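Below: coords_37.tsv (TSV, N, CA and C atoms)
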chain	number	residue	atom	x	y	z
A	1	MET	N	72.43	54.59	131.57
A	1	MET	CA	71.62	53.52	131.02
A	1	MET	C	72.31	52.18	131.28
A	2	LYS	N	71.54	51.19	131.72
A	2	LYS	CA	72.11	49.88	132.04
A	2	LYS	C	72.03	48.94	130.84
A	3	PHE	N	73.05	48.09	130.74
A	3	PHE	CA	73.13	47.06	129.71
A	3	PHE	C	73.49	45.74	130.38
A	4	TRP	N	73.14	44.64	129.72
A	4	TRP	CA	73.57	43.32	130.17
A	4	TRP	C	74.91	43.02	129.53
A	5	PHE	N	75.96	42.91	130.34
A	5	PHE	CA	77.29	42.59	129.86
A	5	PHE	C	77.58	41.12	130.12
A	6	VAL	N	78.47	40.56	129.33
A	6	VAL	CA	78.85	39.16	129.49
A	6	VAL	C	80.27	39.12	130.05
A	7	ALA	N	80.43	38.40	131.15
A	7	ALA	CA	81.75	38.27	131.77
A	7	ALA	C	82.07	36.79	131.98
A	8	THR	N	83.34	36.51	132.09
A	8	THR	CA	83.76	35.14	132.42
A	8	THR	C	84.16	35.12	133.90
A	9	TYR	N	83.96	33.98	134.51
A	9	TYR	CA	84.33	33.82	135.91
A	9	TYR	C	85.12	32.54	136.08
A	10	LYS	N	85.83	32.49	137.18
A	10	LYS	CA	86.60	31.29	137.50
A	10	LYS	C	85.60	30.27	138.04
A	11	ILE	N	85.46	29.15	137.32
A	11	ILE	CA	84.39	28.19	137.62
A	11	ILE	C	84.43	27.71	139.07
A	12	ASN	N	85.60	27.50	139.61
A	12	ASN	CA	85.66	27.00	140.99
A	12	ASN	C	85.47	28.11	142.03
A	13	GLU	N	85.22	29.35	141.57
A	13	GLU	CA	85.00	30.46	142.49
A	13	GLU	C	83.63	31.12	142.33
A	14	ILE	N	82.63	30.36	141.91
A	14	ILE	CA	81.31	30.94	141.64
A	14	ILE	C	80.69	31.56	142.89
A	15	LYS	N	80.85	30.94	144.05
A	15	LYS	CA	80.28	31.51	145.28
A	15	LYS	C	80.95	32.84	145.61
A	16	ILE	N	82.26	32.93	145.38
A	16	ILE	CA	83.00	34.17	145.62
A	16	ILE	C	82.50	35.26	144.67
A	17	VAL	N	82.32	34.91	143.40
A	17	VAL	CA	81.83	35.87	142.41
A	17	VAL	C	80.47	36.40	142.83
A	18	GLU	N	79.54	35.49	143.15
A	18	GLU	CA	78.19	35.92	143.54
A	18	GLU	C	78.23	36.81	144.79
A	19	THR	N	79.01	36.44	145.77
A	19	THR	CA	79.11	37.24	146.99
A	19	THR	C	79.66	38.64	146.69
A	20	ASN	N	80.72	38.70	145.90
A	20	ASN	CA	81.33	39.99	145.59
A	20	ASN	C	80.43	40.86	144.72
A	21	LEU	N	79.70	40.26	143.78
A	21	LEU	CA	78.77	41.05	142.96
A	21	LEU	C	77.64	41.61	143.81
A	22	ARG	N	77.13	40.79	144.74
A	22	ARG	CA	76.08	41.26	145.65
A	22	ARG	C	76.61	42.39	146.55
A	23	ASN	N	77.82	42.21	147.08
A	23	ASN	CA	78.41	43.22	147.97
A	23	ASN	C	78.60	44.56	147.26
A	24	GLN	N	78.83	44.53	145.95
A	24	GLN	CA	79.02	45.75	145.18
A	24	GLN	C	77.71	46.24	144.54
A	25	SER	N	76.62	45.59	144.89
A	25	SER	CA	75.28	45.93	144.39
A	25	SER	C	75.14	45.79	142.87
A	26	PHE	N	75.83	44.84	142.29
A	26	PHE	CA	75.66	44.54	140.87
A	26	PHE	C	74.46	43.63	140.70
A	27	ASP	N	73.67	43.90	139.68
A	27	ASP	CA	72.56	43.04	139.31
A	27	ASP	C	73.11	42.02	138.32
A	28	TYR	N	73.07	40.73	138.67
A	28	TYR	CA	73.65	39.71	137.80
A	28	TYR	C	72.67	38.56	137.58
A	29	TYR	N	72.98	37.77	136.57
A	29	TYR	CA	72.14	36.62	136.25
A	29	TYR	C	73.04	35.46	135.85
A	30	LEU	N	72.94	34.38	136.60
A	30	LEU	CA	73.68	33.16	136.33
A	30	LEU	C	72.65	32.06	136.08
A	31	PRO	N	72.26	31.87	134.79
A	31	PRO	CA	71.21	30.89	134.51
A	31	PRO	C	71.66	29.46	134.82
A	32	LYS	N	70.75	28.71	135.44
A	32	LYS	CA	71.02	27.32	135.78
A	32	LYS	C	69.88	26.46	135.25
A	33	ILE	N	70.23	25.28	134.79
A	33	ILE	CA	69.22	24.35	134.29
A	33	ILE	C	69.26	23.07	135.11
A	34	VAL	N	68.17	22.35	135.08
A	34	VAL	CA	68.07	21.07	135.78
A	34	VAL	C	68.28	19.97	134.75
A	35	THR	N	69.21	19.07	135.05
A	35	THR	CA	69.52	17.97	134.14
A	35	THR	C	69.48	16.64	134.89
A	36	LYS	N	69.45	15.58	134.12
A	36	LYS	CA	69.53	14.23	134.68
A	36	LYS	C	70.46	13.44	133.77
A	37	LYS	N	71.46	12.78	134.37
A	37	LYS	CA	72.44	12.04	133.60
A	37	LYS	C	72.53	10.60	134.09
A	38	TYR	N	72.58	9.69	133.18
A	38	TYR	CA	72.89	8.29	133.45
A	38	TYR	C	72.16	7.69	134.65
A	39	ASN	N	70.87	7.77	134.69
A	39	ASN	CA	70.06	7.19	135.77
A	39	ASN	C	70.41	7.74	137.14
A	40	ARG	N	70.92	8.94	137.21
A	40	ARG	CA	71.24	9.57	138.49
A	40	ARG	C	70.15	10.56	138.84
A	41	ASN	N	70.26	11.15	140.02
A	41	ASN	CA	69.29	12.16	140.45
A	41	ASN	C	69.40	13.42	139.60
A	42	PHE	N	68.40	14.26	139.71
A	42	PHE	CA	68.41	15.53	139.01
A	42	PHE	C	69.48	16.44	139.60
A	43	LYS	N	70.07	17.25	138.75
A	43	LYS	CA	71.16	18.11	139.19
A	43	LYS	C	70.99	19.49	138.56
A	44	GLU	N	71.23	20.52	139.34
A	44	GLU	CA	71.19	21.88	138.81
A	44	GLU	C	72.62	22.27	138.44
A	45	GLU	N	72.78	22.78	137.22
A	45	GLU	CA	74.10	23.19	136.77
A	45	GLU	C	74.00	24.45	135.93
A	46	ALA	N	75.11	25.14	135.80
A	46	ALA	CA	75.14	26.39	135.03
A	46	ALA	C	74.81	26.11	133.57
A	47	MET	N	73.96	26.94	133.00
A	47	MET	CA	73.60	26.79	131.59
A	47	MET	C	74.80	27.11	130.70
A	48	PHE	N	75.57	28.11	131.10
A	48	PHE	CA	76.76	28.52	130.35
A	48	PHE	C	77.94	28.53	131.32
A	49	PRO	N	78.53	27.37	131.60
A	49	PRO	CA	79.62	27.32	132.57
A	49	PRO	C	80.73	28.31	132.24
A	50	GLY	N	81.10	29.10	133.22
A	50	GLY	CA	82.17	30.07	133.04
A	50	GLY	C	81.71	31.44	132.59
A	51	TYR	N	80.40	31.59	132.31
A	51	TYR	CA	79.89	32.88	131.84
A	51	TYR	C	78.77	33.37	132.76
A	52	ILE	N	78.74	34.68	132.98
A	52	ILE	CA	77.73	35.29	133.82
A	52	ILE	C	77.30	36.60	133.16
A	53	PHE	N	76.05	36.96	133.33
A	53	PHE	CA	75.50	38.19	132.75
A	53	PHE	C	75.33	39.22	133.87
A	54	ILE	N	75.82	40.44	133.62
A	54	ILE	CA	75.76	41.49	134.64
A	54	ILE	C	75.10	42.72	134.05
A	55	ASN	N	74.07	43.20	134.74
A	55	ASN	CA	73.30	44.36	134.29
A	55	ASN	C	73.82	45.60	135.03
A	56	THR	N	74.53	46.46	134.29
A	56	THR	CA	75.11	47.64	134.93
A	56	THR	C	75.37	48.74	133.90
A	57	ASP	N	75.77	49.89	134.39
A	57	ASP	CA	76.15	51.02	133.53
A	57	ASP	C	77.53	50.77	132.94
A	58	ILE	N	77.78	51.33	131.78
A	58	ILE	CA	79.07	51.16	131.11
A	58	ILE	C	80.21	51.73	131.95
A	59	ASP	N	79.95	52.78	132.72
A	59	ASP	CA	81.02	53.39	133.51
A	59	ASP	C	81.43	52.55	134.73
A	60	LYS	N	80.66	51.52	135.05
A	60	LYS	CA	81.00	50.65	136.18
A	60	LYS	C	81.75	49.39	135.73
A	61	CYS	N	82.02	49.28	134.43
A	61	CYS	CA	82.70	48.10	133.91
A	61	CYS	C	84.11	47.95	134.46
A	62	SER	N	84.78	49.07	134.73
A	62	SER	CA	86.15	48.96	135.26
A	62	SER	C	86.15	48.34	136.65
A	63	SER	N	85.20	48.72	137.51
A	63	SER	CA	85.13	48.10	138.84
A	63	SER	C	84.66	46.65	138.74
A	64	LEU	N	83.82	46.37	137.77
A	64	LEU	CA	83.37	45.00	137.55
A	64	LEU	C	84.55	44.12	137.14
A	65	ARG	N	85.39	44.66	136.30
A	65	ARG	CA	86.55	43.91	135.80
A	65	ARG	C	87.47	43.47	136.92
A	66	TYR	N	87.54	44.27	137.98
A	66	TYR	CA	88.43	43.94	139.10
A	66	TYR	C	87.72	43.27	140.26
A	67	THR	N	86.51	42.83	140.03
A	67	THR	CA	85.77	42.10	141.06
A	67	THR	C	86.41	40.73	141.23
A	68	ARG	N	86.65	40.35	142.48
A	68	ARG	CA	87.29	39.07	142.76
A	68	ARG	C	86.45	37.93	142.20
A	69	GLY	N	87.10	37.05	141.43
A	69	GLY	CA	86.44	35.90	140.82
A	69	GLY	C	86.09	36.12	139.35
A	70	ILE	N	85.95	37.37	138.93
A	70	ILE	CA	85.68	37.67	137.52
A	70	ILE	C	87.01	37.58	136.78
A	71	LYS	N	87.04	36.80	135.71
A	71	LYS	CA	88.26	36.70	134.91
A	71	LYS	C	88.37	37.85	133.93
A	72	ASP	N	87.28	38.11	133.20
A	72	ASP	CA	87.34	39.14	132.18
A	72	ASP	C	85.93	39.51	131.74
A	73	ILE	N	85.80	40.65	131.11
A	73	ILE	CA	84.57	41.06	130.47
A	73	ILE	C	84.75	40.78	128.99
A	74	ILE	N	83.80	40.10	128.37
A	74	ILE	CA	83.92	39.72	126.96
A	74	ILE	C	83.88	40.97	126.09
A	75	ARG	N	84.84	41.05	125.18
A	75	ARG	CA	84.95	42.17	124.25
A	75	ARG	C	85.14	41.64	122.84
A	76	PHE	N	84.69	42.44	121.90
A	76	PHE	CA	84.95	42.20	120.49
A	76	PHE	C	85.70	43.43	120.00
A	77	GLY	N	87.01	43.35	119.99
A	77	GLY	CA	87.83	44.52	119.69
A	77	GLY	C	87.69	45.52	120.83
A	78	GLU	N	87.26	46.72	120.51
A	78	GLU	CA	87.07	47.76	121.53
A	78	GLU	C	85.67	47.73	122.14
A	79	ASN	N	84.76	46.92	121.57
A	79	ASN	CA	83.37	46.90	122.02
A	79	ASN	C	83.14	45.82	123.07
A	80	ILE	N	82.47	46.20	124.14
A	80	ILE	CA	82.12	45.25	125.20
A	80	ILE	C	80.88	44.48	124.75
A	81	ALA	N	80.92	43.15	124.90
A	81	ALA	CA	79.79	42.30	124.50
A	81	ALA	C	78.57	42.61	125.36
A	82	GLN	N	77.42	42.74	124.70
A	82	GLN	CA	76.17	43.01	125.40
A	82	GLN	C	75.13	42.00	124.93
A	83	ILE	N	74.15	41.78	125.78
A	83	ILE	CA	73.03	40.90	125.44
A	83	ILE	C	71.75	41.67	125.77
A	84	SER	N	70.74	41.52	124.94
A	84	SER	CA	69.51	42.30	125.11
A	84	SER	C	68.62	41.73	126.22
A	85	ASP	N	67.69	42.58	126.68
A	85	ASP	CA	66.72	42.14	127.68
A	85	ASP	C	65.88	40.98	127.14
A	86	GLU	N	65.55	41.01	125.85
A	86	GLU	CA	64.75	39.94	125.23
A	86	GLU	C	65.51	38.61	125.26
A	87	GLU	N	66.82	38.67	125.02
A	87	GLU	CA	67.62	37.44	125.07
A	87	GLU	C	67.71	36.91	126.50
A	88	ILE	N	67.83	37.80	127.47
A	88	ILE	CA	67.84	37.38	128.88
A	88	ILE	C	66.51	36.72	129.23
A	89	LYS	N	65.40	37.30	128.76
A	89	LYS	CA	64.07	36.71	129.02
A	89	LYS	C	63.96	35.34	128.38
A	90	SER	N	64.50	35.18	127.18
A	90	SER	CA	64.47	33.89	126.48
A	90	SER	C	65.28	32.84	127.25
A	91	ILE	N	66.44	33.23	127.75
A	91	ILE	CA	67.26	32.32	128.55
A	91	ILE	C	66.52	31.95	129.82
A	92	ASN	N	65.86	32.93	130.43
A	92	ASN	CA	65.10	32.69	131.66
A	92	ASN	C	63.96	31.71	131.42
A	93	LEU	N	63.29	31.81	130.27
A	93	LEU	CA	62.22	30.86	129.92
A	93	LEU	C	62.77	29.44	129.80
A	94	ALA	N	63.93	29.29	129.16
A	94	ALA	CA	64.55	27.97	129.04
A	94	ALA	C	64.93	27.42	130.41
A	95	GLU	N	65.40	28.30	131.29
A	95	GLU	CA	65.75	27.90	132.64
A	95	GLU	C	64.52	27.39	133.40
A	96	LYS	N	63.43	28.14	133.32
A	96	LYS	CA	62.19	27.74	133.99
A	96	LYS	C	61.64	26.45	133.38
A	97	SER	N	61.75	26.30	132.08
A	97	SER	CA	61.27	25.11	131.40
A	97	SER	C	62.02	23.86	131.89
A	98	SER	N	63.32	24.01	132.15
A	98	SER	CA	64.11	22.85	132.61
A	98	SER	C	63.69	22.41	134.01
A	99	ARG	N	63.10	23.30	134.79
A	99	ARG	CA	62.61	22.92	136.12
A	99	ARG	C	61.35	22.06	136.02
A	100	LEU	N	60.53	22.35	135.00
A	100	LEU	CA	59.32	21.56	134.79
A	100	LEU	C	59.63	20.25	134.06
A	101	GLU	N	60.50	20.33	133.07
A	101	GLU	CA	60.91	19.15	132.30
A	101	GLU	C	62.43	19.13	132.22
A	102	PRO	N	63.09	18.50	133.20
A	102	PRO	CA	64.55	18.47	133.21
A	102	PRO	C	65.12	17.87	131.92
A	103	MET	N	66.27	18.41	131.52
A	103	MET	CA	66.94	17.90	130.33
A	103	MET	C	67.60	16.58	130.69
A	104	VAL	N	67.31	15.56	129.91
A	104	VAL	CA	67.86	14.23	130.17
A	104	VAL	C	68.99	13.98	129.19
A	105	HIS	N	70.18	13.76	129.75
A	105	HIS	CA	71.34	13.45	128.91
A	105	HIS	C	71.49	11.93	128.90
A	106	GLU	N	71.11	11.34	127.83
A	106	GLU	CA	71.23	9.89	127.73
A	106	GLU	C	72.20	9.53	126.62
A	107	ILE	N	73.13	8.68	126.97
A	107	ILE	CA	74.02	8.13	125.96
A	107	ILE	C	73.33	6.88	125.44
A	108	GLN	N	73.24	6.76	124.13
A	108	GLN	CA	72.54	5.63	123.54
A	108	GLN	C	73.45	4.88	122.58
A	109	ILE	N	73.19	3.59	122.48
A	109	ILE	CA	73.92	2.77	121.51
A	109	ILE	C	73.60	3.28	120.12
A	110	GLY	N	74.64	3.42	119.30
A	110	GLY	CA	74.48	3.91	117.95
A	110	GLY	C	74.70	5.41	117.83
A	111	GLN	N	74.77	6.08	118.95
A	111	GLN	CA	74.97	7.53	118.94
A	111	GLN	C	76.41	7.84	118.54
A	112	GLU	N	76.58	8.88	117.72
A	112	GLU	CA	77.92	9.31	117.35
A	112	GLU	C	78.40	10.35	118.34
A	113	VAL	N	79.67	10.24	118.71
A	113	VAL	CA	80.26	11.15	119.68
A	113	VAL	C	81.59	11.68	119.16
A	114	SER	N	81.98	12.81	119.70
A	114	SER	CA	83.27	13.39	119.38
A	114	SER	C	84.15	13.22	120.61
A	115	ILE	N	85.35	12.71	120.43
A	115	ILE	CA	86.26	12.49	121.54
A	115	ILE	C	86.99	13.79	121.83
A	116	VAL	N	86.92	14.24	123.10
A	116	VAL	CA	87.47	15.56	123.45
A	116	VAL	C	88.81	15.49	124.18
A	117	ASN	N	89.20	14.33	124.70
A	117	ASN	CA	90.46	14.21	125.44
A	117	ASN	C	91.20	12.95	125.01
A	118	GLY	N	92.48	12.92	125.32
A	118	GLY	CA	93.27	11.72	125.12
A	118	GLY	C	93.85	11.56	123.73
A	119	THR	N	94.34	10.37	123.46
A	119	THR	CA	95.02	10.05	122.21
A	119	THR	C	94.13	10.24	121.00
A	120	PHE	N	92.84	9.93	121.12
A	120	PHE	CA	91.92	10.02	119.99
A	120	PHE	C	91.17	11.34	119.91
A	121	LYS	N	91.66	12.35	120.62
A	121	LYS	CA	91.03	13.66	120.65
A	121	LYS	C	90.75	14.17	119.23
A	122	GLY	N	89.49	14.65	119.01
A	122	GLY	CA	89.11	15.19	117.72
A	122	GLY	C	88.50	14.17	116.77
A	123	ASN	N	88.56	12.89	117.12
A	123	ASN	CA	87.98	11.84	116.27
A	123	ASN	C	86.51	11.63	116.61
A	124	MET	N	85.77	11.15	115.62
A	124	MET	CA	84.37	10.78	115.81
A	124	MET	C	84.32	9.28	116.07
A	125	ALA	N	83.37	8.85	116.90
A	125	ALA	CA	83.20	7.43	117.21
A	125	ALA	C	81.72	7.13	117.35
A	126	LYS	N	81.38	5.84	117.31
A	126	LYS	CA	80.00	5.42	117.49
A	126	LYS	C	79.94	4.52	118.73
A	127	ILE	N	78.96	4.75	119.61
A	127	ILE	CA	78.81	3.96	120.82
A	127	ILE	C	78.22	2.61	120.44
A	128	CYS	N	78.92	1.54	120.83
A	128	CYS	CA	78.49	0.18	120.48
A	128	CYS	C	77.82	-0.54	121.65
A	129	SER	N	78.23	-0.25	122.89
A	129	SER	CA	77.61	-0.90	124.04
A	129	SER	C	77.83	-0.04	125.27
A	130	LEU	N	77.05	-0.32	126.32
A	130	LEU	CA	77.12	0.46	127.54
A	130	LEU	C	77.12	-0.40	128.81
A	131	PRO	N	77.97	-1.40	128.92
A	131	PRO	CA	77.97	-2.17	130.16
A	131	PRO	C	78.58	-1.36	131.31
A	132	SER	N	77.88	-1.27	132.42
A	132	SER	CA	78.34	-0.58	133.62
A	132	SER	C	78.79	0.85	133.35
A	133	LEU	N	78.07	1.52	132.47
A	133	LEU	CA	78.35	2.90	132.10
A	133	LEU	C	79.71	3.09	131.45
A	134	ARG	N	80.34	2.02	131.02
A	134	ARG	CA	81.59	2.13	130.28
A	134	ARG	C	81.26	2.20	128.80
A	135	ILE	N	81.97	3.01	128.10
A	135	ILE	CA	81.68	3.20	126.68
A	135	ILE	C	82.78	2.53	125.86
A	136	PHE	N	82.36	1.61	125.00
A	136	PHE	CA	83.30	0.97	124.09
A	136	PHE	C	83.06	1.54	122.71
A	137	LEU	N	84.12	1.93	122.07
A	137	LEU	CA	84.00	2.58	120.77
A	137	LEU	C	84.41	1.65	119.64
A	138	ARG	N	83.72	1.80	118.52
A	138	ARG	CA	84.06	0.99	117.36
A	138	ARG	C	84.90	1.82	116.43
Spit out the file's structure as structure tokens when you get a sec.
Amino acid sequence: MKFWFVATYKINEIKIVETNLRNQSFDYYLPKIVTKKYNRNFKEEAMFPGYIFINTDIDKCSSLRYTRGIKDIIRFGENIAQISDEEIKSINLAEKSSRLEPMVHEIQIGQEVSIVNGTFKGNMAKICSLPSLRIFLR
């Protein structure tokens, strides 16, 4: 019986992962969405960067684990993480929806943001202005 397993991959090796999964006849799903950022063109990007869904038998997990480009298979203790067919269909609907109505990432004045890098990492800030796409924080 086949299940959808969740695996992590090396982000800079996605083409290698896809090629190796195809070569080993693994059925996989790497959902991608269409986005638009900061008045730029539309861009397709991974919905869950670093994660890929693989539909296979439990006994093939060991060969999957050693597939070039795959970092690991997600586990919770001794249990391998699985996702249902219904959840895959739901993700697929969101993916198709983004092709019709791309997700627009707009930074707006007054928006609160969390700083993820640098000296102020972990602090909250409010965007006060956006000259030349530079963000000044108050």
Record the distance separating CA of Ser114 in chain A and atom N of Arg75 in chain A, expressed in Å with one decimal.
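Calculated distance between CA of Ser114 in chain A and atom N of Arg75 in chain A is 28.3 Å.
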Of the candidates A:Asp27, A:Val34, A:Phe120, A:Thr56, which shows the shortest atom-to-atom distance to Glu101 in chain A, using all atoms listed in the file?
A:Val34
Quick one: distance from CA of Asn123 in chain A to CA of Gly50 in chain A in Å, one decimal?
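Separation between CA of Asn123 in chain A and CA of Gly50 in chain A: 25.4 Å.
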Tell me which protein, DNA and RNA residues are within 6 Å of range 82-99 of chain A, counting only N, CA and C atoms, leaving out same-chain ones fewer than 6 positions away, and put them as an MDAnalysis selection string.
chainID A and resid 4:6 32:34
Which residues come within 8 Å of Glu13 in chain A, counting all atoms listed in the file, excluding same-chain residues fewer than 5 positions away, as a list of chain:residue names?
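Counting only the stated atoms, we get A:Glu18, A:Thr19, A:Arg68, A:Gly69, A:Ile70.
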Between atom N of Ile109 in chain A and atom N of Pro49 in chain A, what is the distance in Å, rounded to a tenth?
26.0 Å
